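Visitor: Below is the file target_38.pdb, which contains PDB, C-alpha atoms.
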```
ATOM      1  CA  MET A  18      43.814 -17.561  10.600
ATOM      2  CA  ILE A  19      40.372 -16.163   9.786
ATOM      3  CA  ALA A  20      39.588 -15.644   6.132
ATOM      4  CA  THR A  21      38.150 -12.231   5.337
ATOM      5  CA  ARG A  22      35.861 -11.457   2.509
ATOM      6  CA  ALA A  23      37.301  -9.191  -0.146
ATOM      7  CA  GLN A  24      35.435  -5.953  -0.802
ATOM      8  CA  PHE A  25      33.197  -6.003  -3.829
ATOM      9  CA  GLN A  26      34.755  -4.179  -6.719
ATOM     10  CA  ALA A  27      33.236  -3.093  -9.987
ATOM     11  CA  GLU A  28      34.377  -5.268 -12.854
ATOM     12  CA  SER A  29      35.446  -4.076 -16.230
ATOM     13  CA  PRO A  30      33.794  -6.198 -18.921
ATOM     14  CA  ALA A  31      36.359  -7.856 -21.156
ATOM     15  CA  SER A  32      34.115  -7.911 -24.214
ATOM     16  CA  GLU A  33      33.793  -4.119 -24.463
ATOM     17  CA  PRO A  34      36.617  -1.972 -25.786
ATOM     18  CA  LEU A  35      38.392   0.123 -23.168
ATOM     19  CA  ASN A  36      38.737   3.223 -25.355
ATOM     20  CA  LYS A  37      35.502   4.804 -24.039
ATOM     21  CA  ILE A  38      35.684   8.045 -22.125
ATOM     22  CA  CYS A  39      33.884   8.560 -18.788
ATOM     23  CA  GLU A  40      30.435  10.079 -19.406
ATOM     24  CA  ALA A  41      30.558  12.169 -16.214
ATOM     25  CA  GLU A  42      30.685  15.885 -16.904
ATOM     26  CA  GLY A  43      34.233  17.242 -16.919
ATOM     27  CA  CYS A  44      35.944  13.827 -16.555
ATOM     28  CA  ALA A  45      38.543  12.742 -19.105
ATOM     29  CA  GLU A  46      39.423   9.340 -17.605
ATOM     30  CA  ALA A  47      38.728   6.067 -19.384
ATOM     31  CA  GLY A  48      35.124   4.862 -19.122
ATOM     32  CA  ALA A  49      35.902   1.271 -18.201
ATOM     33  CA  PHE A  50      32.862   0.597 -16.022
ATOM     34  CA  ARG A  51      29.314   0.366 -17.203
ATOM     35  CA  ALA A  52      26.050   1.275 -15.467
ATOM     36  CA  PRO A  53      22.480   0.875 -16.756
ATOM     37  CA  LYS A  54      20.901   3.939 -18.365
ATOM     38  CA  SER A  55      17.381   3.461 -16.974
ATOM     39  CA  ARG A  56      15.067   1.067 -15.191
ATOM     40  CA  SER A  57      13.053   0.461 -18.359
ATOM     41  CA  ASN A  58      16.104  -0.507 -20.419
ATOM     42  CA  LEU A  59      18.702  -2.330 -18.369
ATOM     43  CA  ARG A  60      20.646  -3.536 -21.418
ATOM     44  CA  GLU A  61      21.825  -0.076 -22.510
ATOM     45  CA  PHE A  62      24.720   1.303 -20.533
ATOM     46  CA  ARG A  63      26.524   4.476 -19.648
ATOM     47  CA  TRP A  64      30.295   4.255 -19.227
ATOM     48  CA  PHE A  65      32.141   5.778 -16.271
ATOM     49  CA  CYS A  66      35.496   5.758 -14.574
ATOM     50  CA  LEU A  67      35.724   3.948 -11.212
ATOM     51  CA  THR A  68      35.107   7.096  -9.144
ATOM     52  CA  HIS A  69      32.032   8.161 -11.092
ATOM     53  CA  VAL A  70      30.514   4.653 -11.421
ATOM     54  CA  ARG A  71      30.643   4.388  -7.621
ATOM     55  CA  ALA A  72      28.867   7.749  -7.276
ATOM     56  CA  TYR A  73      26.310   6.748  -9.927
ATOM     57  CA  ASN A  74      25.623   3.453  -8.160
ATOM     58  CA  LEU A  75      25.122   5.221  -4.832
ATOM     59  CA  SER A  76      22.503   7.510  -6.378
ATOM     60  CA  TRP A  77      20.811   4.734  -8.406
ATOM     61  CA  ASP A  78      17.284   3.950  -7.176
ATOM     62  CA  TYR A  79      15.562   1.284  -9.250
ATOM     63  CA  TYR A  80      12.226   1.746  -7.461
ATOM     64  CA  LYS A  81      12.127   5.545  -7.708
ATOM     65  CA  ASP A  82       8.684   6.902  -8.760
ATOM     66  CA  MET A  83       7.012   3.488  -8.307
ATOM     67  CA  SER A  84       3.939   3.005  -6.134
ATOM     68  CA  PRO A  85       4.043   0.428  -3.320
ATOM     69  CA  ALA A  86       1.793  -1.875  -5.377
ATOM     70  CA  GLU A  87       4.156  -1.641  -8.364
ATOM     71  CA  ILE A  88       7.151  -2.362  -6.130
ATOM     72  CA  GLU A  89       5.393  -5.415  -4.650
ATOM     73  CA  ALA A  90       4.451  -6.702  -8.116
ATOM     74  CA  ASN A  91       8.030  -6.215  -9.317
ATOM     75  CA  LEU A  92       9.479  -8.046  -6.317
ATOM     76  CA  ARG A  93       7.075 -10.963  -6.812
ATOM     77  CA  ALA A  94       7.966 -11.167 -10.517
ATOM     78  CA  ASP A  95      11.696 -11.072  -9.681
ATOM     79  CA  ALA A  96      11.304 -14.049  -7.349
ATOM     80  CA  MET A  97      10.609 -16.160 -10.461
ATOM     81  CA  TRP A  98      13.066 -14.362 -12.787
ATOM     82  CA  GLN A  99      10.241 -12.543 -14.603
ATOM     83  CA  ARG A 100       8.801 -15.873 -15.804
ATOM     84  CA  PRO A 101       5.108 -16.857 -15.551
ATOM     85  CA  THR A 102       4.213 -19.466 -12.945
ATOM     86  CA  TRP A 103       1.163 -21.596 -12.078
ATOM     87  CA  PRO A 104       0.046 -23.192  -8.821
ATOM     88  CA  LEU A 105       1.429 -26.687  -8.411
ATOM     89  CA  GLY A 106      -0.926 -29.437  -9.553
ATOM     90  CA  ARG A 107      -3.243 -27.297 -11.653
ATOM     91  CA  LEU A 108      -1.831 -27.996 -15.113
ATOM     92  CA  GLY A 109      -0.522 -30.974 -16.986
ATOM     93  CA  HIS A 110       0.117 -34.422 -15.599
ATOM     94  CA  ALA A 111       0.011 -33.427 -11.923
ATOM     95  CA  ALA A 112      -3.605 -32.290 -12.270
ATOM     96  CA  ARG A 113      -4.664 -35.885 -12.952
ATOM     97  CA  MET A 114      -2.526 -37.443 -10.222
ATOM     98  CA  ASP A 115      -5.479 -38.292  -7.984
ATOM     99  CA  GLN A 116      -7.107 -40.206 -10.854
ATOM    100  CA  VAL A 117      -3.870 -42.023 -11.642
ATOM    101  CA  LEU A 118      -3.426 -43.206  -8.064
ATOM    102  CA  GLU A 119      -6.887 -44.757  -7.810
ATOM    103  CA  ASP A 120      -6.946 -48.400  -8.835
ATOM    104  CA  GLU A 121      -9.791 -50.677  -9.851
ATOM    105  CA  LEU A 122     -10.874 -51.219  -6.241
ATOM    106  CA  ASN A 123     -11.110 -47.438  -5.669
ATOM    107  CA  VAL A 124      -8.245 -47.451  -3.185
ATOM    108  CA  THR A 125      -6.818 -43.940  -2.891
ATOM    109  CA  PHE A 126      -3.506 -44.751  -1.124
ATOM    110  CA  GLY A 127      -4.160 -42.153   1.580
ATOM    111  CA  PHE A 128      -5.152 -39.362  -0.800
ATOM    112  CA  LYS A 129      -8.667 -38.010  -0.624
ATOM    113  CA  SER A 130     -10.589 -38.433  -3.819
ATOM    114  CA  LYS A 131     -12.814 -35.609  -4.963
ATOM    115  CA  ALA A 132     -16.434 -35.833  -3.876
ATOM    116  CA  PRO A 133     -18.823 -36.194  -6.786
ATOM    117  CA  ALA A 134     -20.546 -32.979  -7.782
ATOM    118  CA  PRO A 135     -24.182 -32.730  -6.733
ATOM    119  CA  PRO A 136     -26.592 -33.395  -9.604
ATOM    120  CA  LYS A 137     -27.635 -30.299 -11.504
ATOM    121  CA  VAL A 138     -31.270 -29.253 -11.171
ATOM    122  CA  PRO A 139     -33.067 -29.004 -14.518
ATOM    123  CA  GLY A 140     -33.820 -25.326 -15.186
ATOM    124  CA  GLU A 141     -37.581 -25.741 -15.615
ATOM    125  CA  LEU A 142     -37.883 -27.583 -12.267
ATOM    126  CA  HIS A 143     -35.849 -25.176 -10.144
ATOM    127  CA  GLU A 144     -38.725 -22.824  -9.301
ATOM    128  CA  ALA A 145     -41.197 -25.689  -8.805
ATOM    129  CA  LEU A 146     -38.858 -27.430  -6.358
ATOM    130  CA  THR A 147     -38.394 -24.163  -4.475
ATOM    131  CA  VAL A 148     -42.153 -23.702  -4.114
ATOM    132  CA  LEU A 149     -42.557 -27.273  -2.817
ATOM    133  CA  GLU A 150     -39.462 -26.815  -0.590
ATOM    134  CA  LEU A 151     -37.723 -29.875  -2.046
ATOM    135  CA  ALA A 152     -34.095 -30.503  -3.017
ATOM    136  CA  TRP A 153     -32.937 -32.209  -6.205
ATOM    137  CA  PRO A 154     -32.739 -35.198  -6.829
ATOM    138  CA  VAL A 155     -36.308 -36.031  -5.872
ATOM    139  CA  THR A 156     -38.644 -38.996  -6.310
ATOM    140  CA  LEU A 157     -42.286 -38.907  -7.376
ATOM    141  CA  PRO A 158     -43.552 -40.310  -4.024
ATOM    142  CA  ALA A 159     -41.626 -37.547  -2.178
ATOM    143  CA  VAL A 160     -43.194 -34.913  -4.456
ATOM    144  CA  LYS A 161     -46.697 -36.314  -3.846
ATOM    145  CA  ALA A 162     -46.219 -36.423  -0.064
ATOM    146  CA  ARG A 163     -44.912 -32.844   0.034
ATOM    147  CA  TYR A 164     -47.747 -31.644  -2.223
ATOM    148  CA  LYS A 165     -50.412 -33.204   0.036
ATOM    149  CA  LYS A 166     -48.887 -31.639   3.153
ATOM    150  CA  LEU A 167     -48.640 -28.133   1.639
ATOM    151  CA  ALA A 168     -52.060 -28.367  -0.048
ATOM    152  CA  LYS A 169     -53.742 -29.193   3.286
ATOM    153  CA  ARG A 170     -51.929 -26.326   5.009
ATOM    154  CA  HIS A 171     -52.723 -23.650   2.362
ATOM    155  CA  HIS A 172     -56.136 -24.786   1.068
ATOM    156  CA  PRO A 173     -58.592 -21.817   0.984
ATOM    157  CA  ASP A 174     -61.263 -23.797   2.867
ATOM    158  CA  ALA A 175     -58.825 -24.478   5.717
ATOM    159  CA  ASN A 176     -57.896 -20.761   5.942
ATOM    160  CA  ASN A 177     -61.383 -19.151   5.793
ATOM    161  CA  GLY A 178     -60.920 -17.904   2.224
ATOM    162  CA  ASP A 179     -57.656 -16.014   2.905
ATOM    163  CA  LYS A 180     -56.408 -14.519  -0.419
ATOM    164  CA  LYS A 181     -52.717 -14.968   0.452
ATOM    165  CA  SER A 182     -53.232 -18.670   1.204
ATOM    166  CA  GLU A 183     -55.233 -18.994  -2.019
ATOM    167  CA  GLU A 184     -52.293 -17.572  -4.064
ATOM    168  CA  ILE A 185     -49.837 -19.891  -2.310
ATOM    169  CA  PHE A 186     -52.200 -22.840  -2.990
ATOM    170  CA  LYS A 187     -52.289 -21.917  -6.702
ATOM    171  CA  SER A 188     -48.473 -21.803  -6.906
ATOM    172  CA  ILE A 189     -48.265 -25.177  -5.105
ATOM    173  CA  ASN A 190     -50.689 -26.713  -7.642
ATOM    174  CA  LEU A 191     -48.707 -25.256 -10.562
ATOM    175  CA  ALA A 192     -45.400 -26.547  -9.133
ATOM    176  CA  TYR A 193     -46.835 -30.030  -8.579
ATOM    177  CA  THR A 194     -48.264 -30.103 -12.117
ATOM    178  CA  THR A 195     -44.905 -29.048 -13.577
ATOM    179  CA  ILE A 196     -42.906 -31.710 -11.708
ATOM    180  CA  ASN A 197     -45.506 -34.410 -12.289
ATOM    181  CA  GLY A 198     -45.525 -33.599 -16.014
ATOM    182  CA  LYS A 199     -41.722 -33.854 -16.212
ATOM    183  CA  PHE A 200     -41.793 -37.256 -14.484
ATOM    184  CA  ALA A 201     -44.486 -38.456 -16.917
ATOM    185  CA  ASP A 202     -42.447 -37.220 -19.921
ATOM    186  CA  PHE A 203     -39.381 -39.004 -18.571
ATOM    187  CA  LEU A 204     -41.258 -42.277 -18.126
ATOM    188  CA  VAL A 205     -42.703 -42.088 -21.658
ATOM    189  CA  ARG A 206     -39.286 -41.335 -23.213
ATOM    190  CA  ASN A 207     -37.531 -44.132 -21.345
ATOM    191  CA  ALA A 208     -40.239 -46.787 -21.626
ATOM    192  CA  THR A 209     -39.139 -49.938 -23.409
ATOM    193  CA  SER A 210     -41.419 -51.723 -25.789
ATOM    194  CA  PRO A 211     -42.401 -55.225 -24.667
ATOM    195  CA  ALA A 212     -40.725 -58.144 -26.393
ATOM    196  CA  VAL A 213     -42.829 -59.725 -29.119
TER     197      VAL A 213
END
```
Can you dump the structure from the file as structure tokens?
Guide:
Amino acid sequence: MIATRAQFQAESPASEPLNKICEAEGCAEAGAFRAPKSRSNLREFRWFCLTHVRAYNLSWDYYKDMSPAEIEANLRADAMWQRPTWPLGRLGHAARMDQVLEDELNVTFGFKSKAPAPPKVPGELHEALTVLELAWPVTLPAVKARYKKLAKRHHPDANNGDKKSEEIFKSINLAYTTINGKFADFLVRNATSPAV
């Protein structure tokens, strides 16, 4: 014997008194079945008899007068019961899981560890490095070699006194002076006094 599914029937809530009258116009039957008043307030109800609650439910359209974007947003919110959510692994303990799994020997157990961020270029050296066409971090010998190469290429004597080359040569000299000065300042600040 095949079991059949019973038809869905509206339920009469046991907690509400049954002495309400159907709110449908011209109906005097008992209002034993509730239906929400509006989409904005689903906890306030209208009371109907079985015939009128069925008619009300057939005409009920929760998404009436909503734009497609509002409907989509509502459906997405309903998927999580109107509760806020966050992407997995972005907050709390799970965000530090890759650090927890690494041991003293830097073994990652099959998980990729994050690549270290590239060093940040000091603000005052950014333009100078751009002029010399160098990338940070840079060493003083690399700066000197690049300066010599660009100075030979853009020197006014090598370009028959061309004004554009002269301006480029001036900016190269200024950039080299800036970087060289920063290296000198760094060496002075970090120099250790000899032991006495």
Visitor: Please measure the separation of CA of Lys161 (chain A) and CA of Tyr193 (chain A), giving the value in Å to one decimal.
Guide: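 Between these atoms lies a distance of 7.9 Å.
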Visitor: Applied to this file, what does the PyMOL selection byres ((chain A and resi 75-86) around 12) return in terms of residues, put as a list of chain:residue names?
Guide: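 Applied to this file, the PyMOL selection byres ((chain A and resi 75-86) around 12) selects A:Ala52, A:Pro53, A:Lys54, A:Ser55, A:Arg56, A:Ser57, A:Asn58, A:Leu59, A:Thr68, A:His69, A:Val70, A:Arg71, A:Ala72, A:Tyr73, A:Asn74, A:Glu87, A:Ile88, A:Glu89, A:Ala90, A:Asn91, A:Leu92, A:Arg93.
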Visitor: Limited to C-alpha atoms, could you put the picked residues into a file as an mmCIF file, in the frame of the given file?
Guide:
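Wrote it out as out_14.cif, contents follow:
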```cif
data_model
loop_
_atom_site.group_PDB
_atom_site.id
_atom_site.type_symbol
_atom_site.label_atom_id
_atom_site.label_comp_id
_atom_site.auth_asym_id
_atom_site.auth_seq_id
_atom_site.Cartn_x
_atom_site.Cartn_y
_atom_site.Cartn_z
ATOM 1 C CA ALA A 52 26.050 1.275 -15.467
ATOM 2 C CA PRO A 53 22.480 0.875 -16.756
ATOM 3 C CA LYS A 54 20.901 3.939 -18.365
ATOM 4 C CA SER A 55 17.381 3.461 -16.974
ATOM 5 C CA ARG A 56 15.067 1.067 -15.191
ATOM 6 C CA SER A 57 13.053 0.461 -18.359
ATOM 7 C CA ASN A 58 16.104 -0.507 -20.419
ATOM 8 C CA LEU A 59 18.702 -2.330 -18.369
ATOM 9 C CA THR A 68 35.107 7.096 -9.144
ATOM 10 C CA HIS A 69 32.032 8.161 -11.092
ATOM 11 C CA VAL A 70 30.514 4.653 -11.421
ATOM 12 C CA ARG A 71 30.643 4.388 -7.621
ATOM 13 C CA ALA A 72 28.867 7.749 -7.276
ATOM 14 C CA TYR A 73 26.310 6.748 -9.927
ATOM 15 C CA ASN A 74 25.623 3.453 -8.160
ATOM 16 C CA GLU A 87 4.156 -1.641 -8.364
ATOM 17 C CA ILE A 88 7.151 -2.362 -6.130
ATOM 18 C CA GLU A 89 5.393 -5.415 -4.650
ATOM 19 C CA ALA A 90 4.451 -6.702 -8.116
ATOM 20 C CA ASN A 91 8.030 -6.215 -9.317
ATOM 21 C CA LEU A 92 9.479 -8.046 -6.317
ATOM 22 C CA ARG A 93 7.075 -10.963 -6.812
#
```
Visitor: Excluding region 154-157 of chain A and its own-chain neighbours fewer than 2 positions away, which residues fall within 8 Å of it when counting all atoms listed in the file? Please give them as an NGL selection string.
Guide: :A and (136 or 138 or 151-152 or 159-161 or 197 or 200)
Visitor: If you measure from CA of Lys199 (chain A) to CA of His171 (chain A), what distance in Å do you get, rounded to one decimal?
Guide: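 Taking CA of Lys199 (chain A) as the start and CA of His171 (chain A) as the end point, the length is 23.9 Å.
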Visitor: Suppose you want the space between CA of Cys39 (chain A) and CA of Arg63 (chain A); what is it in Å?
Guide: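 Distance between the two atoms: 8.5 Å.
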Visitor: Adding 6 Å on each side of the box along x, y and z that holds all listed atoms of region 141-149 of chain A, could you give its centre and edge lengths in Å to one decimal, as lines of an AutoDock Vina configuration file?
Guide:
```
center_x = -39.2
center_y = -25.2
center_z = -9.2
size_x = 18.7
size_y = 16.8
size_z = 24.8
```
Visitor: Pick out the closest residue to Ala145 (chain A) from this set: A:Gly43, A:Gly198, A:Pro173, A:Gly48. Count only C-alpha atoms.
Guide: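 Looking at the shortest contact to Ala145 (chain A), the residue is A:Gly198.
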Visitor: Could you state which residues are captured by the PyMOL selection byres ((chain A and resi 180-191) around 8) in this file, as a PyMOL selection string?
Guide: chain A and resi 145+148-149+164+167-168+171-173+176+178-179+192-195
Visitor: Just the selected residues (C-alpha atoms), exported as a PDB file, in the coordinates of the input, please.
Guide:
```pdb
ATOM      1  CA  ALA A 145     -41.197 -25.689  -8.805  1.00  0.00           C
ATOM      2  CA  VAL A 148     -42.153 -23.702  -4.114  1.00  0.00           C
ATOM      3  CA  LEU A 149     -42.557 -27.273  -2.817  1.00  0.00           C
ATOM      4  CA  TYR A 164     -47.747 -31.644  -2.223  1.00  0.00           C
ATOM      5  CA  LEU A 167     -48.640 -28.133   1.639  1.00  0.00           C
ATOM      6  CA  ALA A 168     -52.060 -28.367  -0.048  1.00  0.00           C
ATOM      7  CA  HIS A 171     -52.723 -23.650   2.362  1.00  0.00           C
ATOM      8  CA  HIS A 172     -56.136 -24.786   1.068  1.00  0.00           C
ATOM      9  CA  PRO A 173     -58.592 -21.817   0.984  1.00  0.00           C
ATOM     10  CA  ASN A 176     -57.896 -20.761   5.942  1.00  0.00           C
ATOM     11  CA  GLY A 178     -60.920 -17.904   2.224  1.00  0.00           C
ATOM     12  CA  ASP A 179     -57.656 -16.014   2.905  1.00  0.00           C
ATOM     13  CA  ALA A 192     -45.400 -26.547  -9.133  1.00  0.00           C
ATOM     14  CA  TYR A 193     -46.835 -30.030  -8.579  1.00  0.00           C
ATOM     15  CA  THR A 194     -48.264 -30.103 -12.117  1.00  0.00           C
ATOM     16  CA  THR A 195     -44.905 -29.048 -13.577  1.00  0.00           C
TER      17      THR A 195
END
```
